[in-house]
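> There's a structure below that I have some questions on.
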Amino acid sequence: MREALDPGEAEAIVLAIERRADLLLVDERRGRQAAAAAGLKVTGLLGVVAQAKRAGLIDFAKPVLDELIRTARFWIRADLYRRVLTELGEID
């Protein structure tokens with residue numbers, strides 16, 4: 001696993017397995033696939049932001065995502081960005 005993944009992702013997956021974590025935050029596709037194959041429940045940053053909106057912790061997801069894209073260089077496919085914001089009722 002450590003050869004195929006970023007070292008941080010590989011370590012996070014190993015620790016999640018060892019500690020029997022309920023959920024693992026991973027954004028990279030290969031890391032998500034490896035974690036899911038290991039039987040872990042996985043979410044990404046989009047899932048965290050969406051859940052924060054649904055829980056009422058933030059009023060809007062769009063400004064949070066836009067700030068992540070702008071300042072942290074978080075990459076998200078345009079179609080996925082639209083789909084998440086549509087599901088959250090922020091765009092049509």
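Chain identifiers are assigned as A, B, and so on, following the order in which chains appear in the structure tokens; residues are numbered from 1 within each chain, and ligands are numbered from 1 in order of appearance.
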DSSP says helix (DSSP H, G or I) for which residues of chain A? Put them as a ChimeraX atom specification?
/A:7-18,29-37,45-54,62-71,78-87
> Do a neighbour search on A:Asp66 at 12 Å with only C-alpha atoms, toss out local chain neighbours closer than 6 positions, and write the hits as a list in words.
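So, after excluding close chain neighbours, the residues are Leu46, Val49, Phe60, Ala72, Arg73, Phe74, Trp75, Ile76, Ala78, Tyr81, Arg82 and Leu85 of chain A.
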> Would you write out those residues with all heavy atoms, as a short mmCIF file (atom, residue, chain, number, x, y, z; two decimals), in the first residue's frame?

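Result file is out33.cif:
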```cif
data_model
loop_
_atom_site.label_atom_id
_atom_site.label_comp_id
_atom_site.auth_asym_id
_atom_site.auth_seq_id
_atom_site.Cartn_x
_atom_site.Cartn_y
_atom_site.Cartn_z
N LEU A 46 -15.28 17.47 0.58
CA LEU A 46 -16.62 17.86 0.13
C LEU A 46 -17.69 17.28 1.05
O LEU A 46 -18.66 17.95 1.37
CB LEU A 46 -16.87 17.39 -1.29
CG LEU A 46 -16.14 18.13 -2.38
CD1 LEU A 46 -16.42 17.48 -3.73
CD2 LEU A 46 -16.54 19.57 -2.40
N VAL A 49 -17.78 19.32 4.28
CA VAL A 49 -18.43 20.62 4.10
C VAL A 49 -19.94 20.43 3.93
O VAL A 49 -20.74 21.16 4.54
CB VAL A 49 -17.81 21.38 2.90
CG1 VAL A 49 -18.61 22.64 2.58
CG2 VAL A 49 -16.36 21.72 3.19
N PHE A 60 -23.70 28.40 4.33
CA PHE A 60 -23.51 28.14 2.92
C PHE A 60 -22.22 27.38 2.68
O PHE A 60 -21.18 27.72 3.27
CB PHE A 60 -23.47 29.45 2.13
CG PHE A 60 -24.74 30.24 2.21
CD1 PHE A 60 -24.84 31.29 3.10
CD2 PHE A 60 -25.83 29.92 1.42
CE1 PHE A 60 -26.01 32.03 3.21
CE2 PHE A 60 -27.01 30.64 1.52
CZ PHE A 60 -27.10 31.69 2.41
N ALA A 72 -6.30 27.36 -0.76
CA ALA A 72 -5.62 26.10 -0.47
C ALA A 72 -5.36 25.28 -1.74
O ALA A 72 -4.82 24.18 -1.66
CB ALA A 72 -6.44 25.27 0.52
N ARG A 73 -5.79 25.84 -2.87
CA ARG A 73 -5.64 25.15 -4.16
C ARG A 73 -6.29 23.78 -4.16
O ARG A 73 -5.80 22.84 -4.78
CB ARG A 73 -4.18 25.08 -4.56
CG ARG A 73 -3.59 26.44 -4.75
CD ARG A 73 -2.18 26.38 -5.19
NE ARG A 73 -1.67 27.75 -5.29
CZ ARG A 73 -0.58 28.06 -5.90
NH1 ARG A 73 0.15 27.12 -6.46
NH2 ARG A 73 -0.18 29.31 -5.94
N PHE A 74 -7.40 23.67 -3.45
CA PHE A 74 -8.20 22.45 -3.44
C PHE A 74 -8.77 22.28 -4.84
O PHE A 74 -9.33 23.21 -5.41
CB PHE A 74 -9.33 22.57 -2.40
CG PHE A 74 -10.22 21.37 -2.32
CD1 PHE A 74 -9.76 20.20 -1.74
CD2 PHE A 74 -11.51 21.42 -2.79
CE1 PHE A 74 -10.58 19.09 -1.65
CE2 PHE A 74 -12.34 20.31 -2.71
CZ PHE A 74 -11.87 19.14 -2.13
N TRP A 75 -8.61 21.10 -5.41
CA TRP A 75 -9.08 20.86 -6.76
C TRP A 75 -10.35 20.02 -6.72
O TRP A 75 -10.42 19.02 -6.00
CB TRP A 75 -8.01 20.14 -7.59
CG TRP A 75 -8.42 19.98 -9.01
CD1 TRP A 75 -8.25 20.89 -10.00
CD2 TRP A 75 -9.08 18.86 -9.59
NE1 TRP A 75 -8.78 20.41 -11.18
CE2 TRP A 75 -9.29 19.15 -10.94
CE3 TRP A 75 -9.52 17.64 -9.10
CZ2 TRP A 75 -9.92 18.28 -11.83
CZ3 TRP A 75 -10.16 16.76 -9.97
CH2 TRP A 75 -10.34 17.08 -11.31
N ILE A 76 -11.33 20.45 -7.49
CA ILE A 76 -12.58 19.71 -7.61
C ILE A 76 -13.05 19.84 -9.05
O ILE A 76 -12.98 20.93 -9.64
CB ILE A 76 -13.64 20.24 -6.61
CG1 ILE A 76 -14.96 19.51 -6.78
CG2 ILE A 76 -13.82 21.73 -6.72
CD1 ILE A 76 -16.01 19.86 -5.76
N ALA A 78 -15.41 20.43 -12.08
CA ALA A 78 -16.50 21.40 -12.21
C ALA A 78 -17.87 20.73 -12.07
O ALA A 78 -18.77 21.27 -11.41
CB ALA A 78 -16.40 22.13 -13.55
N TYR A 81 -18.45 19.92 -8.37
CA TYR A 81 -18.72 21.19 -7.65
C TYR A 81 -20.18 21.58 -7.83
O TYR A 81 -20.88 21.85 -6.86
CB TYR A 81 -17.78 22.25 -8.22
CG TYR A 81 -17.98 23.66 -7.70
CD1 TYR A 81 -17.35 24.08 -6.54
CD2 TYR A 81 -18.76 24.57 -8.40
CE1 TYR A 81 -17.50 25.38 -6.08
CE2 TYR A 81 -18.91 25.87 -7.94
CZ TYR A 81 -18.29 26.27 -6.79
OH TYR A 81 -18.44 27.55 -6.33
N ARG A 82 -20.65 21.57 -9.08
CA ARG A 82 -22.05 21.92 -9.36
C ARG A 82 -23.02 20.93 -8.71
O ARG A 82 -24.04 21.33 -8.15
CB ARG A 82 -22.30 21.99 -10.87
CG ARG A 82 -21.76 23.24 -11.52
CD ARG A 82 -22.21 23.37 -12.98
NE ARG A 82 -21.90 22.20 -13.78
CZ ARG A 82 -20.72 21.98 -14.38
NH1 ARG A 82 -19.77 22.87 -14.25
NH2 ARG A 82 -20.53 20.90 -15.09
N LEU A 85 -23.25 21.49 -4.87
CA LEU A 85 -23.98 22.72 -4.55
C LEU A 85 -25.45 22.63 -4.94
O LEU A 85 -26.31 23.18 -4.25
CB LEU A 85 -23.31 23.93 -5.19
CG LEU A 85 -21.92 24.24 -4.63
CD1 LEU A 85 -21.31 25.43 -5.36
CD2 LEU A 85 -21.97 24.51 -3.13
#
```
> Measuring atom to atom with only C-alpha atoms, identify which of A:Val84, A:Ile17, A:Leu45, A:Leu5 is nearest to A:Gly31.
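Closest to A:Gly31 of all the choices is A:Leu5.
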> Would you mind writing down, as a PyMOL selection string, each residue of chain A that DSSP on the backbone assigns to strand (DSSP E)?
chain A and resi 24-25+42-43
> Would you export the selected residues with all heavy atoms as a PDB file, in the first residue's frame, please?

```pdb
ATOM      1  N   LEU A  24     -12.832   7.789   7.728  1.00  0.00           N
ATOM      2  CA  LEU A  24     -11.522   8.304   7.339  1.00  0.00           C
ATOM      3  C   LEU A  24     -11.713   9.399   6.302  1.00  0.00           C
ATOM      4  O   LEU A  24     -12.451   9.224   5.339  1.00  0.00           O
ATOM      5  CB  LEU A  24     -10.660   7.180   6.758  1.00  0.00           C
ATOM      6  CG  LEU A  24      -9.249   7.561   6.317  1.00  0.00           C
ATOM      7  CD1 LEU A  24      -8.412   8.036   7.503  1.00  0.00           C
ATOM      8  CD2 LEU A  24      -8.575   6.403   5.612  1.00  0.00           C
ATOM      9  N   LEU A  25     -11.045  10.514   6.491  1.00  0.00           N
ATOM     10  CA  LEU A  25     -11.092  11.639   5.560  1.00  0.00           C
ATOM     11  C   LEU A  25      -9.943  11.502   4.567  1.00  0.00           C
ATOM     12  O   LEU A  25      -8.771  11.588   4.945  1.00  0.00           O
ATOM     13  CB  LEU A  25     -10.972  12.965   6.321  1.00  0.00           C
ATOM     14  CG  LEU A  25     -10.863  14.229   5.478  1.00  0.00           C
ATOM     15  CD1 LEU A  25     -12.139  14.455   4.694  1.00  0.00           C
ATOM     16  CD2 LEU A  25     -10.575  15.421   6.366  1.00  0.00           C
ATOM     17  N   VAL A  42     -15.291   5.994   4.088  1.00  0.00           N
ATOM     18  CA  VAL A  42     -14.469   7.108   3.641  1.00  0.00           C
ATOM     19  C   VAL A  42     -15.341   8.298   3.265  1.00  0.00           C
ATOM     20  O   VAL A  42     -16.423   8.132   2.711  1.00  0.00           O
ATOM     21  CB  VAL A  42     -13.632   6.694   2.406  1.00  0.00           C
ATOM     22  CG1 VAL A  42     -12.758   7.824   1.929  1.00  0.00           C
ATOM     23  CG2 VAL A  42     -12.803   5.465   2.707  1.00  0.00           C
ATOM     24  N   THR A  43     -14.852   9.479   3.575  1.00  0.00           N
ATOM     25  CA  THR A  43     -15.436  10.709   3.067  1.00  0.00           C
ATOM     26  C   THR A  43     -14.294  11.625   2.677  1.00  0.00           C
ATOM     27  O   THR A  43     -13.151  11.392   3.055  1.00  0.00           O
ATOM     28  CB  THR A  43     -16.378  11.387   4.084  1.00  0.00           C
ATOM     29  OG1 THR A  43     -17.137  12.411   3.409  1.00  0.00           O
ATOM     30  CG2 THR A  43     -15.628  12.001   5.246  1.00  0.00           C
TER      31      THR A  43
END
```
> Which one is closest to A:Arg20: A:Arg83, A:Gly39, A:Gly44, A:Leu65? Count only C-alpha atoms.
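With only C-alpha atoms as the atom set, the closest residue is A:Gly39.
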